[in-house]
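A.B. asks: Structure supplied as data_35.txt; contents: compact mmCIF, C-alpha atoms.
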```
# COMPACT_ATOMS: atom_id res chain seq x y z
CA MET E 25 66.77 56.73 35.53
CA GLU E 26 69.89 58.88 35.54
CA PRO E 27 69.97 62.10 33.46
CA GLY E 28 72.68 60.91 31.04
CA GLY E 29 71.08 57.50 30.57
CA LEU E 30 69.80 58.07 27.03
CA GLU E 31 72.86 59.96 25.87
CA TRP E 32 74.40 56.74 24.54
CA LEU E 33 71.46 56.53 22.12
CA LEU E 34 70.93 60.21 21.43
CA VAL E 35 74.45 61.05 20.26
CA PRO E 36 74.64 58.31 17.58
CA MET E 37 71.12 59.19 16.40
CA GLN E 38 72.10 62.85 16.00
CA GLN E 39 75.22 61.80 14.10
CA LEU E 40 73.15 59.50 11.89
CA VAL E 41 70.63 62.26 11.13
CA SER E 42 73.49 64.68 10.40
CA TRP E 43 75.08 62.20 7.95
CA GLY E 44 71.71 61.54 6.34
CA ALA E 45 71.06 65.27 5.88
CA ALA E 46 74.54 65.77 4.43
CA GLY E 47 74.03 62.83 2.04
CA ALA E 48 70.64 64.18 0.96
CA MET E 49 72.21 67.59 0.38
CA VAL E 50 75.07 66.16 -1.67
CA PHE E 51 73.05 63.78 -3.86
CA GLY E 52 69.65 65.52 -3.80
CA GLY E 53 70.48 67.79 -6.72
CA VAL E 54 71.44 64.86 -8.94
CA VAL E 55 68.29 62.77 -8.40
CA PRO E 56 66.02 64.67 -10.87
CA TYR E 57 68.53 64.16 -13.69
CA ILE E 58 68.62 60.35 -13.41
CA PRO E 59 65.22 59.76 -15.10
CA GLN E 60 66.02 62.40 -17.72
CA TYR E 61 69.33 60.74 -18.50
CA ARG E 62 67.70 57.33 -18.80
CA ASP E 63 64.87 58.68 -20.96
CA ILE E 64 67.23 60.50 -23.35
CA ARG E 65 69.41 57.42 -23.65
CA ARG E 66 66.42 55.11 -24.21
CA THR E 67 64.64 57.28 -26.79
CA GLN E 68 67.75 58.79 -28.38
CA ASN E 69 65.92 62.12 -28.38
CA ALA E 70 67.16 65.16 -26.43
CA GLU E 71 64.62 67.67 -27.76
CA GLY E 72 62.98 68.50 -24.42
CA PHE E 73 66.21 69.01 -22.50
CA SER E 74 67.69 72.50 -22.31
CA THR E 75 71.45 72.71 -22.38
CA TYR E 76 71.17 76.26 -21.04
CA VAL E 77 70.12 74.82 -17.68
CA CYS E 78 73.34 72.81 -17.67
CA LEU E 79 75.30 75.94 -18.49
CA VAL E 80 73.75 77.91 -15.64
CA LEU E 81 74.30 75.09 -13.14
CA LEU E 82 77.89 74.59 -14.30
CA VAL E 83 78.68 78.29 -13.85
CA ALA E 84 76.95 78.42 -10.45
CA ASN E 85 78.75 75.37 -9.11
CA ILE E 86 82.13 76.47 -10.47
CA LEU E 87 81.64 79.84 -8.78
CA ARG E 88 80.71 78.09 -5.53
CA ILE E 89 83.92 76.04 -5.67
CA LEU E 90 85.97 79.18 -6.38
CA PHE E 91 84.26 80.87 -3.42
CA TRP E 92 85.28 77.90 -1.26
CA PHE E 93 88.96 78.74 -1.84
CA GLY E 94 88.39 82.23 -0.44
CA ARG E 95 86.15 81.34 2.48
CA ARG E 96 85.76 77.73 3.52
CA PHE E 97 82.25 76.43 4.06
CA GLU E 98 80.76 73.05 4.89
CA SER E 99 82.21 70.13 2.95
CA PRO E 100 78.78 68.68 1.94
CA LEU E 101 78.13 71.85 -0.08
CA LEU E 102 81.52 71.52 -1.75
CA TRP E 103 80.85 67.86 -2.61
CA GLN E 104 77.42 68.81 -3.90
CA SER E 105 79.04 71.26 -6.32
CA ILE E 106 81.57 68.70 -7.50
CA ILE E 107 78.91 66.05 -8.07
CA MET E 108 76.61 68.53 -9.85
CA ILE E 109 79.45 69.53 -12.20
CA ILE E 110 80.09 65.87 -13.03
CA THR E 111 76.35 65.30 -13.58
CA MET E 112 75.99 68.33 -15.85
CA LEU E 113 79.01 67.27 -17.89
CA LEU E 114 77.53 63.78 -18.31
CA MET E 115 74.17 65.25 -19.36
CA LEU E 116 75.85 67.57 -21.88
CA LYS E 117 77.90 64.70 -23.27
CA LEU E 118 74.80 62.55 -23.74
CA CYS E 119 72.76 65.37 -25.30
CA THR E 120 75.57 66.26 -27.68
CA GLU E 121 76.02 62.64 -28.77
CA VAL E 122 72.29 62.17 -29.32
CA ARG E 123 71.82 65.43 -31.21
CA VAL E 124 74.85 64.83 -33.44
CA SER E 125 73.74 61.30 -34.28
CA ASN E 126 70.18 62.51 -35.04
CA GLU E 127 71.50 65.27 -37.34
CA LEU E 128 73.75 62.78 -39.13
CA ASN E 129 70.80 60.44 -39.67
CA ILE E 130 68.69 63.29 -41.10
CA LYS E 131 71.51 64.33 -43.45
CA ARG E 132 72.00 60.73 -44.58
CA ARG E 133 68.29 60.36 -45.31
CA SER E 134 68.09 63.64 -47.23
CA PHE E 135 71.23 62.73 -49.20
CA ALA E 136 69.79 59.32 -50.04
CA ALA E 137 66.46 60.87 -51.07
CA ALA E 138 68.18 63.41 -53.35
CA ASP E 139 70.22 60.63 -54.91
CA SER E 140 67.23 58.48 -55.83
CA LYS E 141 66.71 57.58 -59.49
CA ASP E 142 63.11 58.68 -59.80
CA GLU E 143 62.79 62.46 -59.83
CA GLU E 144 59.21 62.68 -58.66
CA ILE E 145 58.03 65.64 -56.66
CA LYS E 146 57.98 64.82 -53.01
CA ALA E 147 55.25 66.09 -50.69
CA PRO E 148 56.41 68.13 -47.70
CA PRO E 149 56.97 65.98 -44.63
CA LYS E 150 53.94 65.45 -42.43
CA ARG E 151 53.90 67.22 -39.13
CA SER E 152 53.46 65.30 -35.94
CA TYR E 153 50.37 65.70 -33.78
CA LEU E 154 52.37 67.74 -31.26
CA GLU E 155 53.69 70.11 -33.94
CA GLU E 156 50.17 70.64 -35.28
CA LYS E 157 48.83 71.40 -31.81
CA MET E 158 51.68 73.82 -31.10
CA LEU E 159 51.23 75.67 -34.40
CA SER E 160 47.48 75.89 -34.00
CA GLY E 161 47.92 77.14 -30.43
CA LEU E 162 50.21 79.97 -31.54
CA PHE E 163 47.40 81.79 -33.27
CA GLN E 164 44.76 81.42 -30.57
CA LYS E 165 44.06 83.77 -27.71
CA PRO E 166 45.30 82.18 -24.48
CA SER E 167 42.56 81.10 -22.10
CA LEU E 168 42.38 82.03 -18.44
CA SER E 169 42.81 78.42 -17.36
CA GLY E 170 45.96 78.14 -19.50
CA GLN E 171 47.37 81.28 -17.91
CA LEU E 172 46.55 79.96 -14.44
CA ASN E 173 48.24 76.66 -15.26
CA LEU E 174 51.32 78.50 -16.49
CA THR E 175 51.38 80.67 -13.37
CA THR E 176 51.02 77.61 -11.14
CA LEU E 177 53.83 75.88 -13.01
CA CYS E 178 56.12 78.91 -12.68
CA VAL E 179 55.42 79.31 -8.96
CA SER E 180 55.99 75.59 -8.41
CA MET E 181 59.30 75.65 -10.26
CA VAL E 182 60.57 78.75 -8.47
CA SER E 183 59.62 77.31 -5.07
CA PHE E 184 61.18 73.96 -6.01
CA LEU E 185 64.42 75.76 -6.81
CA PHE E 186 64.27 78.29 -3.97
CA PHE E 187 63.39 76.21 -0.91
CA PRO E 188 66.36 73.79 -1.04
CA GLN E 189 68.71 76.75 -1.43
CA ALA E 190 67.00 78.51 1.48
CA GLY E 191 67.40 75.34 3.55
CA GLN E 192 71.08 75.14 2.70
CA THR E 193 71.54 78.80 3.61
CA LYS E 194 69.76 78.29 6.93
CA TYR E 195 71.90 75.21 7.63
CA TYR E 196 75.05 77.14 6.79
CA MET E 197 74.04 80.07 8.97
CA ARG E 198 73.38 77.78 11.93
CA GLN E 199 76.68 75.97 11.51
CA ARG E 200 78.97 78.92 10.86
CA SER E 201 77.13 81.99 12.03
CA THR E 202 79.19 84.68 13.63
CA SER E 203 77.98 87.83 15.28
CA SER E 204 78.60 89.87 12.11
CA ASP E 205 76.64 87.33 10.00
CA SER E 206 73.74 87.58 12.43
CA VAL E 207 73.80 91.38 12.32
CA ILE E 208 73.78 91.38 8.51
CA PHE E 209 70.93 88.86 8.46
CA PHE E 210 68.97 90.96 10.97
CA GLN E 211 69.54 94.11 8.88
CA LEU E 212 68.27 92.32 5.78
CA GLN E 213 65.14 91.27 7.64
CA LEU E 214 64.51 94.86 8.76
CA TRP E 215 65.16 96.18 5.26
CA ARG E 216 62.54 93.85 3.80
CA LYS E 217 59.84 95.37 5.99
```
In structure tokens, what does this structure look like?
C.D. replies:
Amino acid sequence: MEPGGLEWLLVPMQQLVSWGAAGAMVFGGVVPYIPQYRDIRRTQNAEGFSTYVCLVLLVANILRILFWFGRRFESPLLWQSIIMIITMLLMLKLCTEVRVSNELNIKRRSFAAADSKDEEIKAPPKRSYLEEKMLSGLFQKPSLSGQLNLTTLCVSMVSFLFFPQAGQTKYYMRQRSTSSDSVIFFQLQLWRK
């Protein structure tokens, strides 16, 4: 077999893997928000979703796009920022609509209850099972297993957020590394030790 015999297969495979990696990088950040979006829309309840996360991601992606104007980087990272901004805006729009409609329903119910003909004393609203558990847990000393679970959760979340960014940085450094970038990276590695 000649040395360049498999090159006709290897080059398209490398291109296919490169496109797949770029597609995963662009759309990978959006995937976790799809079930959240569907769940919020289905239940009409946005209580568990933090809009501060959307704010942080919006600021980070806007800054990344502004950085792109100063120093161009790979286009998949730019598209990832654009798609994440669109996703965060859609999530904020949905959460705002759901929260406003829930508040209007509560105000309508309280207005209707205050307007009722019979002026009997109403009992305070019953708390849900989750509210009772949360309130009872506030006054208890935390257990070691609870602290370990919280620590495990925090480490998992930080690693979930850190490793994709580290992978993107490594990809960027391999694609666009210059001698000065390599020197700076080497100095950072020495400084860590």
A.B. asks: For a test of reading the model, state the distance in Å between CA of Pro59 in chain E and CA of Leu116 in chain E, rounded to one decimal.
C.D. replies: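 CA of Pro59 in chain E sits 14.8 Å away from CA of Leu116 in chain E.
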A.B. asks: Suppose you want the space between CA of Ile110 in chain E and CA of Gln39 in chain E; what is it in Å?
C.D. replies: 27.9 Å
A.B. asks: Give the centre and edge lengths of an axis-aligned box, in Å to one decimal, that holds all listed atoms of range 75-83 of chain E with 6 Å on each side, as AutoDock Vina command-line options.
C.D. replies:
```
--center_x 74.4 --center_y 75.5 --center_z -17.8 --size_x 20.6 --size_y 17.6 --size_z 21.2
```
A.B. asks: As a tab-separated table (two decimals) with C-alpha atoms, in the coordinates of the input, please: the residues near range 120-124 of chain E (cut-off 7 Å, only C-alpha atoms, same-chain neighbours under 3 positions excluded).
C.D. replies:
```
chain	number	residue	atom	x	y	z
E	68	GLN	CA	67.75	58.79	-28.38
E	69	ASN	CA	65.92	62.12	-28.38
E	70	ALA	CA	67.16	65.16	-26.43
E	116	LEU	CA	75.85	67.57	-21.88
E	117	LYS	CA	77.90	64.70	-23.27
E	127	GLU	CA	71.50	65.27	-37.34
E	128	LEU	CA	73.75	62.78	-39.13
```
A.B. asks: Quick one: distance from CA of Leu177 in chain E to CA of Ile106 in chain E in Å, one decimal?
C.D. replies: 29.2 Å
A.B. asks: Restricting the calculation to only C-alpha atoms: of E:Asn85, E:Asn126, E:Gln104, E:Ser74, which residue gets closest to Ala48 in chain E?
C.D. replies: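 Of the candidates, the smallest distance to Ala48 in chain E is held by E:Gln104.
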A.B. asks: Quick one: of E:Leu90, E:Val77, E:Leu82, E:Leu34, who's nearest to Leu102 in chain E, counting only C-alpha atoms?
C.D. replies: E:Leu90
A.B. asks: Between E:Cys178, E:Ile64, E:Ala46, E:Ala84, single out the one closest to Cys119 in chain E, counting all atoms listed in the file.
C.D. replies: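 Looking at the shortest contact to Cys119 in chain E, the residue is E:Ile64.
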A.B. asks: Can you put N, CA, C and O atoms back into range 88-99 of chain E and show it as a JSON list (two decimals), keeping the file's coordinate frame?
C.D. replies:
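out08.json, freshly written:
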```
[["chain", "number", "residue", "atom", "x", "y", "z"],
["E", 88, "ARG", "N", 80.76, 78.51, -6.94],
["E", 88, "ARG", "CA", 80.71, 78.09, -5.53],
["E", 88, "ARG", "C", 82.03, 77.46, -5.11],
["E", 88, "ARG", "O", 82.52, 77.71, -4.01],
["E", 89, "ILE", "N", 82.63, 76.66, -6.00],
["E", 89, "ILE", "CA", 83.92, 76.04, -5.67],
["E", 89, "ILE", "C", 85.00, 77.12, -5.56],
["E", 89, "ILE", "O", 85.85, 77.08, -4.66],
["E", 90, "LEU", "N", 84.99, 78.09, -6.47],
["E", 90, "LEU", "CA", 85.97, 79.18, -6.38],
["E", 90, "LEU", "C", 85.77, 79.98, -5.10],
["E", 90, "LEU", "O", 86.75, 80.42, -4.48],
["E", 91, "PHE", "N", 84.53, 80.18, -4.68],
["E", 91, "PHE", "CA", 84.26, 80.87, -3.42],
["E", 91, "PHE", "C", 84.81, 80.08, -2.24],
["E", 91, "PHE", "O", 85.27, 80.66, -1.26],
["E", 92, "TRP", "N", 84.78, 78.75, -2.34],
["E", 92, "TRP", "CA", 85.28, 77.90, -1.26],
["E", 92, "TRP", "C", 86.76, 78.15, -0.99],
["E", 92, "TRP", "O", 87.21, 78.05, 0.14],
["E", 93, "PHE", "N", 87.54, 78.46, -2.04],
["E", 93, "PHE", "CA", 88.96, 78.74, -1.84],
["E", 93, "PHE", "C", 89.17, 80.02, -1.05],
["E", 93, "PHE", "O", 90.15, 80.16, -0.33],
["E", 94, "GLY", "N", 88.26, 80.98, -1.18],
["E", 94, "GLY", "CA", 88.39, 82.23, -0.44],
["E", 94, "GLY", "C", 87.88, 82.13, 0.98],
["E", 94, "GLY", "O", 88.50, 82.63, 1.91],
["E", 95, "ARG", "N", 86.73, 81.48, 1.14],
["E", 95, "ARG", "CA", 86.15, 81.34, 2.48],
["E", 95, "ARG", "C", 85.56, 79.94, 2.59],
["E", 95, "ARG", "O", 84.57, 79.63, 1.95],
["E", 96, "ARG", "N", 86.17, 79.12, 3.40],
["E", 96, "ARG", "CA", 85.76, 77.73, 3.52],
["E", 96, "ARG", "C", 84.36, 77.62, 4.10],
["E", 96, "ARG", "O", 84.00, 78.35, 5.02],
["E", 97, "PHE", "N", 83.58, 76.72, 3.53],
["E", 97, "PHE", "CA", 82.25, 76.43, 4.06],
["E", 97, "PHE", "C", 82.14, 74.92, 4.23],
["E", 97, "PHE", "O", 83.11, 74.20, 4.04],
["E", 98, "GLU", "N", 80.97, 74.46, 4.60],
["E", 98, "GLU", "CA", 80.76, 73.05, 4.89],
["E", 98, "GLU", "C", 81.14, 72.16, 3.71],
["E", 98, "GLU", "O", 80.83, 72.47, 2.56],
["E", 99, "SER", "N", 81.77, 71.04, 4.01],
["E", 99, "SER", "CA", 82.21, 70.13, 2.95],
["E", 99, "SER", "C", 81.05, 69.49, 2.18],
["E", 99, "SER", "O", 81.22, 69.20, 1.00]]
```
